[in-house]
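Dumped target-v1.cif below, it's mmCIF, C-alpha atoms:
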data_run
loop_
_atom_site.label_atom_id
_atom_site.label_comp_id
_atom_site.auth_asym_id
_atom_site.auth_seq_id
_atom_site.Cartn_x
_atom_site.Cartn_y
_atom_site.Cartn_z
CA MET A 6 110.41 102.94 65.92
CA ASN A 7 112.37 101.25 63.13
CA ALA A 8 112.67 97.51 62.71
CA GLU A 9 115.99 97.31 64.49
CA GLN A 10 114.70 99.26 67.47
CA GLU A 11 111.63 97.04 67.60
CA VAL A 12 113.67 93.85 67.64
CA GLU A 13 115.90 95.24 70.36
CA ALA A 14 112.92 96.42 72.39
CA ALA A 15 111.29 93.02 72.11
CA ARG A 16 114.48 91.36 73.33
CA LEU A 17 114.81 93.73 76.28
CA MET A 18 111.16 93.29 77.19
CA ARG A 19 111.53 89.51 77.19
CA GLN A 20 114.47 89.82 79.54
CA ALA A 21 112.60 92.34 81.67
CA GLN A 22 109.65 89.98 81.98
CA ASP A 23 112.07 87.37 83.27
CA GLY A 24 113.23 89.79 85.97
CA ASP A 25 116.27 91.46 84.38
CA ARG A 26 116.13 94.96 85.88
CA VAL A 27 119.07 96.26 83.87
CA ALA A 28 117.38 95.24 80.62
CA TYR A 29 114.16 96.83 81.86
CA ALA A 30 115.89 100.12 82.61
CA GLN A 31 117.54 100.04 79.17
CA LEU A 32 114.17 99.39 77.58
CA LEU A 33 112.42 102.25 79.36
CA THR A 34 115.33 104.57 78.61
CA ALA A 35 115.04 103.69 74.92
CA LEU A 36 111.25 104.06 74.87
CA ALA A 37 111.04 107.41 76.67
CA PRO A 38 112.39 109.55 73.81
CA LEU A 39 110.30 107.59 71.31
CA ALA A 40 107.21 108.37 73.36
CA GLN A 41 108.19 112.02 73.67
CA ARG A 42 108.78 112.31 69.94
CA TYR A 43 105.45 110.65 69.17
CA ALA A 44 103.62 112.92 71.59
CA ARG A 45 105.39 116.03 70.33
CA GLY A 46 104.40 115.11 66.80
CA ARG A 47 100.76 115.02 67.80
CA VAL A 48 100.31 117.76 70.39
CA GLY A 49 103.24 120.03 69.61
CA PRO A 50 105.99 121.20 71.99
CA ARG A 51 103.79 121.36 75.09
CA PRO A 52 104.69 120.63 78.72
CA CYS A 53 102.34 117.65 78.68
CA VAL A 54 104.68 115.80 76.29
CA ASP A 55 106.69 114.59 79.26
CA ASP A 56 103.47 113.71 81.09
CA ILE A 57 102.44 111.55 78.18
CA ALA A 58 105.81 109.83 78.06
CA GLN A 59 105.83 109.20 81.80
CA GLU A 60 102.24 107.95 81.81
CA THR A 61 103.19 105.57 79.03
CA LEU A 62 106.15 104.24 81.00
CA LEU A 63 103.96 103.81 84.07
CA THR A 64 101.39 101.90 82.07
CA ILE A 65 104.08 99.74 80.48
CA HIS A 66 105.26 98.97 83.98
CA ARG A 67 101.77 97.98 85.12
CA VAL A 68 100.95 95.80 82.12
CA ARG A 69 104.32 94.46 81.09
CA HIS A 70 103.03 90.96 81.75
CA THR A 71 100.61 91.32 78.83
CA TYR A 72 103.31 91.55 76.16
CA ASP A 73 103.55 88.34 74.18
CA PRO A 74 107.16 87.77 73.03
CA ALA A 75 105.83 85.90 70.02
CA ARG A 76 104.19 89.07 68.73
CA PRO A 77 105.73 92.33 67.46
CA PHE A 78 106.57 94.89 70.09
CA ALA A 79 105.60 98.07 68.25
CA PRO A 80 101.79 97.55 68.14
CA TRP A 81 101.80 96.83 71.88
CA PHE A 82 103.87 99.89 72.67
CA TYR A 83 102.02 102.31 70.40
CA ALA A 84 98.62 101.09 71.59
CA ILE A 85 99.61 102.05 75.12
CA LEU A 86 101.20 105.30 73.99
CA SER A 87 98.25 106.49 71.94
CA SER A 88 95.82 105.58 74.68
CA ARG A 89 97.81 107.48 77.28
CA LEU A 90 98.13 110.47 74.97
CA ILE A 91 94.35 110.66 74.67
CA ASP A 92 93.92 110.31 78.43
CA VAL A 93 96.46 113.02 79.24
CA MET A 94 94.94 115.42 76.73
CA ARG A 95 91.47 114.82 78.18
CA ARG A 96 92.82 115.42 81.67
CA GLU A 97 94.54 118.61 80.53
CA ARG A 98 91.26 119.91 79.16
CA ARG A 99 89.44 119.06 82.41
CA VAL A 100 92.12 120.74 84.52
CA ASP A 101 92.03 123.81 82.29
CA GLN A 102 88.26 124.03 82.61
CA ARG A 103 88.43 123.57 86.37
CA GLU A 104 91.15 126.18 86.78
CA GLN A 105 89.26 128.69 84.73
CA GLY A 106 86.20 128.24 86.90
CA ARG A 107 88.06 128.22 90.19
CA ASP A 108 88.69 131.57 91.78
CA GLN A 109 89.60 130.40 95.30
CA LEU A 110 93.30 129.77 94.76
CA PRO A 111 95.00 132.71 96.49
CA GLU A 112 97.56 134.77 94.64
CA GLY A 113 101.01 133.64 95.60
CA ARG A 114 104.33 135.33 95.37
CA PRO A 115 105.60 135.40 91.82
CA VAL A 116 107.65 132.43 90.75
CA ALA A 117 111.36 133.23 90.76
CA ALA A 118 113.02 133.80 87.41
CA ALA A 119 114.68 130.80 85.82
CA SER A 120 118.09 131.69 87.18
CA GLY A 121 118.73 128.46 88.97
CA ALA A 122 117.43 129.90 92.22
CA ARG A 123 114.98 127.77 94.09
CA ASN A 124 111.33 128.77 93.44
CA GLU A 125 109.40 129.74 96.51
CA VAL A 126 105.74 128.89 96.63
CA ASP A 127 103.39 130.39 99.14
CA PHE A 128 102.23 127.84 101.74
CA GLU A 129 98.61 128.82 101.28
CA ARG A 130 98.87 128.14 97.58
CA VAL A 131 100.31 124.72 98.28
CA ARG A 132 97.48 123.96 100.68
CA ALA A 133 94.88 125.15 98.20
CA ALA A 134 96.49 123.15 95.41
CA LEU A 135 96.58 120.07 97.60
CA ALA A 136 92.90 120.52 98.38
CA ALA A 137 92.19 120.69 94.64
CA LEU A 138 93.65 117.24 94.02
CA PRO A 139 91.49 114.14 93.69
CA GLU A 140 90.94 112.57 97.07
CA ARG A 141 93.18 109.56 96.59
CA GLN A 142 96.12 111.62 95.34
CA ARG A 143 95.70 114.05 98.21
CA GLU A 144 95.58 111.19 100.69
CA VAL A 145 98.72 109.56 99.38
CA ILE A 146 100.76 112.76 99.12
CA ALA A 147 99.68 113.92 102.57
CA ALA A 148 100.67 110.55 104.00
CA LEU A 149 104.05 110.46 102.26
CA LYS A 150 105.08 114.07 102.68
CA LEU A 151 103.20 115.37 105.68
CA GLY A 152 102.69 112.17 107.63
CA ASP A 153 106.20 110.98 106.80
CA GLU A 154 104.95 107.48 106.15
CA SER A 155 106.84 105.10 103.94
CA VAL A 156 105.38 103.77 100.71
CA ARG A 157 104.96 100.40 102.37
CA GLU A 158 103.08 101.90 105.30
CA VAL A 159 100.81 103.90 103.03
CA SER A 160 100.06 100.89 100.85
CA ALA A 161 99.18 98.79 103.90
CA ARG A 162 96.97 101.47 105.40
CA LEU A 163 95.16 102.42 102.22
CA LYS A 164 95.04 98.82 100.97
CA MET A 165 96.82 99.67 97.73
CA SER A 166 99.79 97.99 96.14
CA GLU A 167 103.11 99.80 96.56
CA SER A 168 103.19 100.27 92.82
CA ALA A 169 99.78 101.93 92.89
CA VAL A 170 100.92 104.24 95.72
CA LYS A 171 103.91 105.37 93.67
CA VAL A 172 101.82 105.87 90.56
CA THR A 173 99.21 107.85 92.48
CA ALA A 174 101.87 109.98 94.15
CA HIS A 175 103.60 110.63 90.85
CA ARG A 176 100.36 111.81 89.29
CA GLY A 177 99.60 113.93 92.31
CA TYR A 178 103.00 115.63 92.23
CA ARG A 179 102.54 116.40 88.58
CA ALA A 180 99.10 117.84 89.14
CA LEU A 181 100.46 119.96 92.01
CA ARG A 182 103.24 121.30 89.83
CA ARG A 183 100.70 122.24 87.22
CA LEU A 184 98.40 123.90 89.71
CA LEU A 185 101.25 125.80 91.30
CA GLY A 186 102.72 126.79 87.97
CA THR A 187 106.12 125.40 88.85
CA ASP A 188 106.24 122.77 86.09
CA ARG A 189 109.64 123.29 84.52
CA GLU A 190 109.42 120.33 82.11
CA MET B 7 109.91 113.52 89.43
CA ASN B 8 111.58 113.64 86.02
CA THR B 9 111.60 110.84 83.51
CA GLU B 10 115.03 109.55 84.44
CA GLU B 11 114.06 109.31 88.10
CA LEU B 12 110.87 107.54 87.15
CA ILE B 13 112.79 104.97 85.10
CA VAL B 14 115.17 104.29 88.00
CA ASN B 15 112.19 103.95 90.31
CA LEU B 16 110.30 101.56 88.05
CA ALA B 17 113.33 99.44 87.23
CA SER B 18 114.23 99.12 90.90
CA GLU B 19 110.95 97.48 91.79
CA ALA B 20 110.52 95.37 88.64
CA GLY B 21 110.65 91.66 89.21
CA PRO B 22 109.80 88.70 87.00
CA VAL B 23 106.21 88.57 85.80
CA THR B 24 103.88 85.79 84.80
CA ARG B 25 102.93 86.37 81.20
CA LEU B 26 99.27 86.29 80.25
CA ARG B 27 98.21 83.14 78.49
CA PRO B 28 97.14 83.60 74.84
CA PRO B 29 93.62 84.98 74.36
CA ALA B 30 92.31 81.74 72.87
CA VAL B 31 93.47 79.74 75.88
CA ARG B 32 91.96 82.22 78.30
CA ALA B 33 88.70 82.34 76.37
CA LEU B 34 88.48 78.54 76.37
CA SER B 35 89.10 78.41 80.10
CA TRP B 36 86.37 80.91 80.71
CA LEU B 37 83.94 79.15 78.36
CA ALA B 38 84.33 76.02 80.47
CA VAL B 39 83.50 78.05 83.58
CA ALA B 40 80.53 79.67 81.86
CA ALA B 41 79.23 76.30 80.72
CA ALA B 42 79.44 75.02 84.27
CA PHE B 43 77.41 77.96 85.56
CA ALA B 44 74.85 77.55 82.79
CA VAL B 45 74.43 73.86 83.53
CA THR B 46 74.15 74.59 87.23
CA GLY B 47 71.52 77.22 86.52
CA VAL B 48 69.48 74.74 84.54
CA ALA B 49 69.84 72.14 87.26
CA VAL B 50 68.68 74.58 89.95
CA LEU B 51 65.75 75.96 87.95
CA GLY B 52 64.78 72.58 86.53
CA LEU B 53 64.37 71.46 82.95
CA ARG B 54 61.17 72.44 81.20
CA PRO B 55 58.72 69.50 80.88
CA ASP B 56 58.77 69.52 77.07
CA VAL B 57 62.54 69.89 76.64
CA SER B 58 62.86 66.81 74.42
CA THR B 59 60.49 68.26 71.81
CA ALA B 60 61.50 71.87 72.34
CA VAL B 61 65.13 71.33 71.42
CA SER B 62 64.20 70.16 67.94
CA ALA B 63 62.17 73.27 67.13
CA SER B 64 63.85 75.53 64.59
CA ALA B 65 63.22 78.69 66.64
CA PHE B 66 64.83 77.10 69.71
CA LEU B 67 67.82 75.98 67.69
CA MET B 68 68.28 79.37 66.05
CA HIS B 69 68.22 81.19 69.38
CA ALA B 70 70.59 78.62 70.88
CA LEU B 71 72.97 78.96 67.96
CA LEU B 72 73.03 82.73 68.26
CA ALA B 73 73.48 82.56 72.02
CA VAL B 74 76.41 80.17 71.63
CA GLY B 75 77.92 82.27 68.86
CA LEU B 76 77.60 85.44 70.89
CA THR B 77 79.06 83.82 74.00
CA ILE B 78 82.10 82.64 72.09
CA THR B 79 82.70 85.77 70.01
CA ALA B 80 82.24 88.11 72.95
CA ALA B 81 84.50 86.02 75.18
CA VAL B 82 87.23 85.92 72.55
CA ALA B 83 86.84 89.65 71.89
CA THR B 84 87.15 90.39 75.61
CA CYS B 85 90.33 88.34 75.91
CA VAL B 86 91.79 90.00 72.81
CA ILE B 87 91.08 93.67 73.51
CA VAL B 88 92.56 93.57 77.00
CA ILE B 89 95.99 93.13 75.44
CA PRO B 90 97.26 96.44 74.09
CA GLY B 91 97.71 96.33 70.34
CA ALA B 92 96.41 92.76 70.00
CA GLU B 93 93.35 93.83 68.06
CA VAL B 94 94.76 95.03 64.75
CA LYS B 95 91.34 96.00 63.48
CA PRO B 96 88.17 96.06 65.60
CA LEU B 97 87.13 92.77 64.06
CA ALA B 98 86.55 90.80 67.24
CA ARG B 99 84.32 93.49 68.67
CA SER B 100 82.48 94.01 65.40
CA VAL B 101 81.57 90.34 65.07
CA SER B 102 80.21 90.28 68.62
CA VAL B 103 78.16 93.42 68.15
CA ALA B 104 76.86 92.16 64.81
CA THR B 105 75.82 88.84 66.34
CA LEU B 106 73.99 90.61 69.14
CA VAL B 107 72.24 92.93 66.72
CA VAL B 108 71.18 90.03 64.50
CA TRP B 109 69.82 88.16 67.50
CA VAL B 110 67.86 91.12 68.80
CA LEU B 111 66.49 91.89 65.34
CA MET B 112 65.50 88.29 64.80
CA ALA B 113 63.66 88.18 68.10
CA GLY B 114 62.04 91.51 67.31
CA ARG B 115 60.98 90.27 63.91
CA ASP B 116 59.28 87.28 65.56
CA VAL B 117 57.35 89.66 67.83
CA LEU B 118 56.17 91.67 64.86
CA ALA B 119 55.27 88.55 62.90
CA ALA B 120 53.17 87.23 65.81
CA GLY B 121 51.05 90.35 65.57
CA ASN B 122 50.25 90.57 69.29
CA GLY B 123 52.82 93.20 70.12
CA LEU B 124 54.06 92.74 73.67
CA ALA B 125 50.65 91.73 75.02
CA ASP B 126 51.57 88.10 75.69
CA ALA B 127 54.93 88.80 77.32
CA SER B 128 53.77 87.54 80.68
CA ASP B 129 56.35 86.74 83.36
CA TRP B 130 59.21 88.05 81.30
CA PRO B 131 60.76 89.74 84.38
CA VAL B 132 61.13 86.29 85.94
CA CYS B 133 63.25 85.03 83.07
CA ALA B 134 65.17 88.29 82.80
CA THR B 135 66.01 88.09 86.50
CA ARG B 136 67.05 84.46 86.24
CA LEU B 137 69.19 85.29 83.24
CA ALA B 138 70.96 88.06 85.10
CA ALA B 139 71.43 85.82 88.13
CA ILE B 140 73.00 82.98 86.13
CA ALA B 141 75.21 85.49 84.30
CA MET B 142 76.71 86.83 87.50
CA GLY B 143 78.94 83.81 88.04
CA PRO B 144 80.56 83.83 84.59
CA GLY B 145 80.60 87.63 84.68
CA VAL B 146 82.58 87.76 87.90
CA ALA B 147 84.92 85.07 86.58
CA LEU B 148 85.58 86.93 83.35
CA TRP B 149 86.03 90.26 85.10
CA TRP B 150 88.50 88.66 87.51
CA MET B 151 90.44 87.33 84.51
CA VAL B 152 90.66 90.65 82.72
CA ARG B 153 91.34 92.90 85.69
CA ARG B 154 95.01 91.95 85.76
CA SER B 155 95.39 92.52 82.08
CA GLY B 156 96.12 95.71 80.21
CA ALA B 157 92.66 96.86 79.24
CA LEU B 158 92.92 100.32 77.72
CA HIS B 159 89.27 100.52 76.87
CA TRP B 160 87.36 99.63 80.01
CA SER B 161 83.98 100.47 78.53
CA TRP B 162 84.36 98.03 75.67
CA THR B 163 85.89 95.42 77.97
CA ALA B 164 83.02 95.62 80.41
CA GLY B 165 80.42 95.61 77.65
CA LEU B 166 81.90 92.58 75.92
CA ALA B 167 82.48 90.69 79.17
CA ALA B 168 78.87 91.33 80.16
CA THR B 169 77.68 90.28 76.72
CA ALA B 170 79.57 87.00 76.90
CA SER B 171 78.27 86.22 80.39
CA LEU B 172 74.69 87.19 79.63
CA ALA B 173 74.68 85.24 76.37
CA ALA B 174 75.89 82.15 78.22
CA ALA B 175 73.03 82.58 80.67
CA ALA B 176 70.60 83.22 77.81
CA LEU B 177 71.58 79.85 76.38
CA ALA B 178 70.49 78.17 79.62
CA ILE B 179 67.18 79.95 80.15
CA PRO B 180 65.22 78.36 77.25
CA PHE B 181 65.98 74.92 78.73
CA THR B 182 64.01 75.93 81.81
CA CYS B 183 61.34 78.22 80.40
CA PRO B 184 58.45 76.63 78.45
CA VAL B 185 56.94 79.93 77.32
CA LEU B 186 57.03 80.23 73.55
CA ALA B 187 55.43 83.63 73.03
CA PRO B 188 57.83 85.72 70.90
CA SER B 189 57.29 88.77 73.07
CA HIS B 190 58.26 86.81 76.19
CA VAL B 191 61.34 85.45 74.44
CA PHE B 192 62.26 88.95 73.28
CA LEU B 193 61.84 90.69 76.63
CA GLY B 194 62.89 87.86 78.92
CA HIS B 195 65.56 85.96 77.02
CA VAL B 196 67.13 88.26 74.42
CA ALA B 197 66.71 91.95 75.20
CA PRO B 198 68.28 91.72 78.68
CA VAL B 199 71.53 90.62 77.04
CA GLY B 200 71.79 93.81 75.03
CA VAL B 201 70.40 96.15 77.65
CA LEU B 202 72.57 94.91 80.52
CA ALA B 203 75.67 94.81 78.32
CA VAL B 204 75.16 98.48 77.47
CA VAL B 205 74.62 99.26 81.15
CA ALA B 206 77.88 97.52 82.00
CA ALA B 207 79.73 99.44 79.29
CA LEU B 208 78.35 102.77 80.49
CA ALA B 209 79.16 101.96 84.11
CA ALA B 210 82.77 101.20 83.18
CA MET B 211 83.24 104.51 81.39
CA ARG B 212 84.09 106.18 84.65
CA ARG B 213 86.70 103.61 85.61
CA PRO B 214 90.09 105.30 85.95
CA ALA B 215 92.72 104.46 83.39
CA LEU B 216 95.60 102.15 84.25
#
Output the file's structure as C-alpha cells, nothing else.
Amino acid sequence: MNAEQEVEAARLMRQAQDGDRVAYAQLLTALAPLAQRYARGRVGPRPCVDDIAQETLLTIHRVRHTYDPARPFAPWFYAILSSRLIDVMRRERRVDQREQGRDQLPEGRPVAAASGARNEVDFERVRAALAALPERQREVIAALKLGDESVREVSARLKMSESAVKVTAHRGYRALRRLLGTDRE
Amino acid sequence: MNTEELIVNLASEAGPVTRLRPPAVRALSWLAVAAAFAVTGVAVLGLRPDVSTAVSASAFLMHALLAVGLTITAAVATCVIVIPGAEVKPLARSVSVATLVVWVLMAGRDVLAAGNGLADASDWPVCATRLAAIAMGPGVALWWMVRRSGALHWSWTAGLAATASLAAAALAIPFTCPVLAPSHVFLGHVAPVGVLAVVAALAAMRRPAL
C-alpha cells in the first residue's frame, strides 16, 4: 500500500465509520486486491489466498470501530491481514490433517470438467461434508439452507448477531467447498 | 460466495459505528473501576490493626509500588493490544511482563533471605482466595471493555487483563492482611497474580478468532 493509497483508505474508512456505505464498499474493493497480493506473496498462488482476503475483509467489518482516524491506516490494516493469514494457514493445516485421517467420506461422482457445466455433487458427499463441519457452522447452514430460515430468524433462535450468522455461514460454505473439492477460486 | 458478493453483503449492512476511545482514556476509566473494587474489598475484609505502621515499612511500600505499577502497565497494555496495529513494538506487553517478573523475583528473594523456606506460609490460601475474589470485579469490567474491540491475540489480551485485575487486588490485600512472613506474602499475595494470569492466557488460547 503506497502513501497515496493509505491516505485514500483512511479517508474512506472515516466516511465508512460515519455510515457511508458507498465509501465502505469502495474501501473494501480497494483493499481486497491488496490483501490478495500480500497473501500471494507469502503463501504462493494457492486457493486459500482468496480465503485470507475474505477473512480479512470480514474482520475489518467486525472491528472497523477500532480504527482511529488520527493514526495511519496501513498498520491497522496489515495487522489484521497478517493475523488472518496465520489463522487461515493454521486452519488449512488442521483441515488437511483431518482429511488425511478421515476415511468415511464416500466417493462421489467425479467433478465435471471446467467447461462451464454445473458441477454435480453426490448428496451423500454433501451430507458427510456437512457432518464434518464444526457444530455452529453446521447449525447455521442447515437452518439457512435446509430449514429455509432467514438470517434474522437464525440469529434470534441461536442468539447470535446477524453479522455473526453471516460470517459463520460464509466460513461454513467455504469449508464445504473445500471438503467437496468444488472450490473454483 | 466470492469476494465481490461478500463486499456487497458487508457494505449493505454497514451502519455508523461508535469509535473506540483512545487506549489511555479507556485504561484510566478502568483504573477508576479497579480502585473502587479494591477499596470495597478492603472495606469488606477490614483494615489490618497495624495499618498505620505497616504502610511506612519499606517492604510494604515496595510491594505496593510494584502492584500499582503492574496494574497500570498491564491495563494500558491490554487497552493497546486490542487495537490492531496499535502496538508498534511489543513494548507495552514487555514492560508488564518485566514488572511481574521483578515482583515475583523480589518476593522469592525475600523468602530465600528469611531462610525458613515455605514453612511459615500459614493461611496463604485465604489471602490467595481473597485476592482472586477481589480481582473478579475489575476482571469482568476489563473483559467487558475489550470484548467489543479488535483483539487479534486473545491469549495475550486475557493474560494482561487478568494481570491488571489481579495486581489491583494484590494492592488491596496487604491492607487487610497483617501476616509479614515472606513465604506467606509470596504464596498468598504475589504468586497468585502470575499463576492466575498464565491460567487466563492459556484458557483464552482456544477462543475462536474474530
Excluding same-chain residues fewer than 2 positions from Gln59 of chain A, what lies within 12 Å of it counting only C-alpha atoms, as a ChimeraX atom specification? /A:33-34,36-41,44,52-57,61-66,85-86,89-90,93,172,175-176,179,190 /B:7-13,15-16
Residue hits in chain A, query chain B, radius 6 Å, only C-alpha atoms, as a list of chain:residue names: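 My answer is A:Gln22, A:Asp23, A:Gly24, A:Arg26, A:Ala30, A:Val68, A:His70, A:Thr71, A:Pro80, A:Trp81, A:Ala84.
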Output the selection as an mmCIF file, keeping the file's coordinate frame - C-alpha atoms for each residue.
data_model
loop_
_atom_site.group_PDB
_atom_site.id
_atom_site.type_symbol
_atom_site.label_atom_id
_atom_site.label_comp_id
_atom_site.auth_asym_id
_atom_site.auth_seq_id
_atom_site.Cartn_x
_atom_site.Cartn_y
_atom_site.Cartn_z
ATOM 1 C CA GLN A 22 109.650 89.980 81.980
ATOM 2 C CA ASP A 23 112.070 87.370 83.270
ATOM 3 C CA GLY A 24 113.230 89.790 85.970
ATOM 4 C CA ARG A 26 116.130 94.960 85.880
ATOM 5 C CA ALA A 30 115.890 100.120 82.610
ATOM 6 C CA VAL A 68 100.950 95.800 82.120
ATOM 7 C CA HIS A 70 103.030 90.960 81.750
ATOM 8 C CA THR A 71 100.610 91.320 78.830
ATOM 9 C CA PRO A 80 101.790 97.550 68.140
ATOM 10 C CA TRP A 81 101.800 96.830 71.880
ATOM 11 C CA ALA A 84 98.620 101.090 71.590
#
Trp109 of chain B surroundings by all atoms listed in the file, 12 Å radius, close-in-sequence under 5 positions cut, as a list of chain:residue names: B:Ala65, B:Met68, B:His69, B:Ala70, B:Leu71, B:Leu72, B:Ala73, B:Val74, B:Gly75, B:Leu76, B:Ser102, B:Val103, B:Ala104, B:Gly114, B:Arg115, B:Asp116, B:Ala173, B:Ala176, B:Val191, B:Phe192, B:His195, B:Val196, B:Ala197, B:Pro198, B:Val199, B:Gly200
Record the distance separating atom CA of Lys150 of chain A and atom CA of Glu60 of chain A, expressed in Å with one decimal.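 Separating atom CA of Lys150 of chain A from atom CA of Glu60 of chain A is a distance of 21.9 Å.
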What does the distance between atom CA of Ala139 of chain B and atom CA of Ile78 of chain B come to in Å, to one decimal place?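 A separation of 19.5 Å between them.
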What separation in Å, quoted to one decimal, exists between atom CA of Arg98 of chain A and atom CA of Arg143 of chain A?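 Atom CA of Arg143 of chain A lies 20.4 Å from atom CA of Arg98 of chain A.
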Neighbouring residues of segment 39-45 of chain B were defined as those with any atom within 10 Å, considering all atoms listed in the file; residues of the same chain fewer than 6 positions away were excluded. Please report them as a count of residues only. 23
Pick from B:Ala113, B:Ala125, B:Leu208, B:Val152: nearest to Arg32 of chain B, with all atoms listed in the file counted? B:Val152
How big is the axis-aligned box around all listed atoms of segment 148-156 of chain A once 3 Å goes on each side, and where's its centre, in Å to one decimal, as AutoDock Vina command-line options?
--center_x 103.8 --center_y 109.6 --center_z 104.2 --size_x 12.2 --size_y 17.6 --size_z 12.9
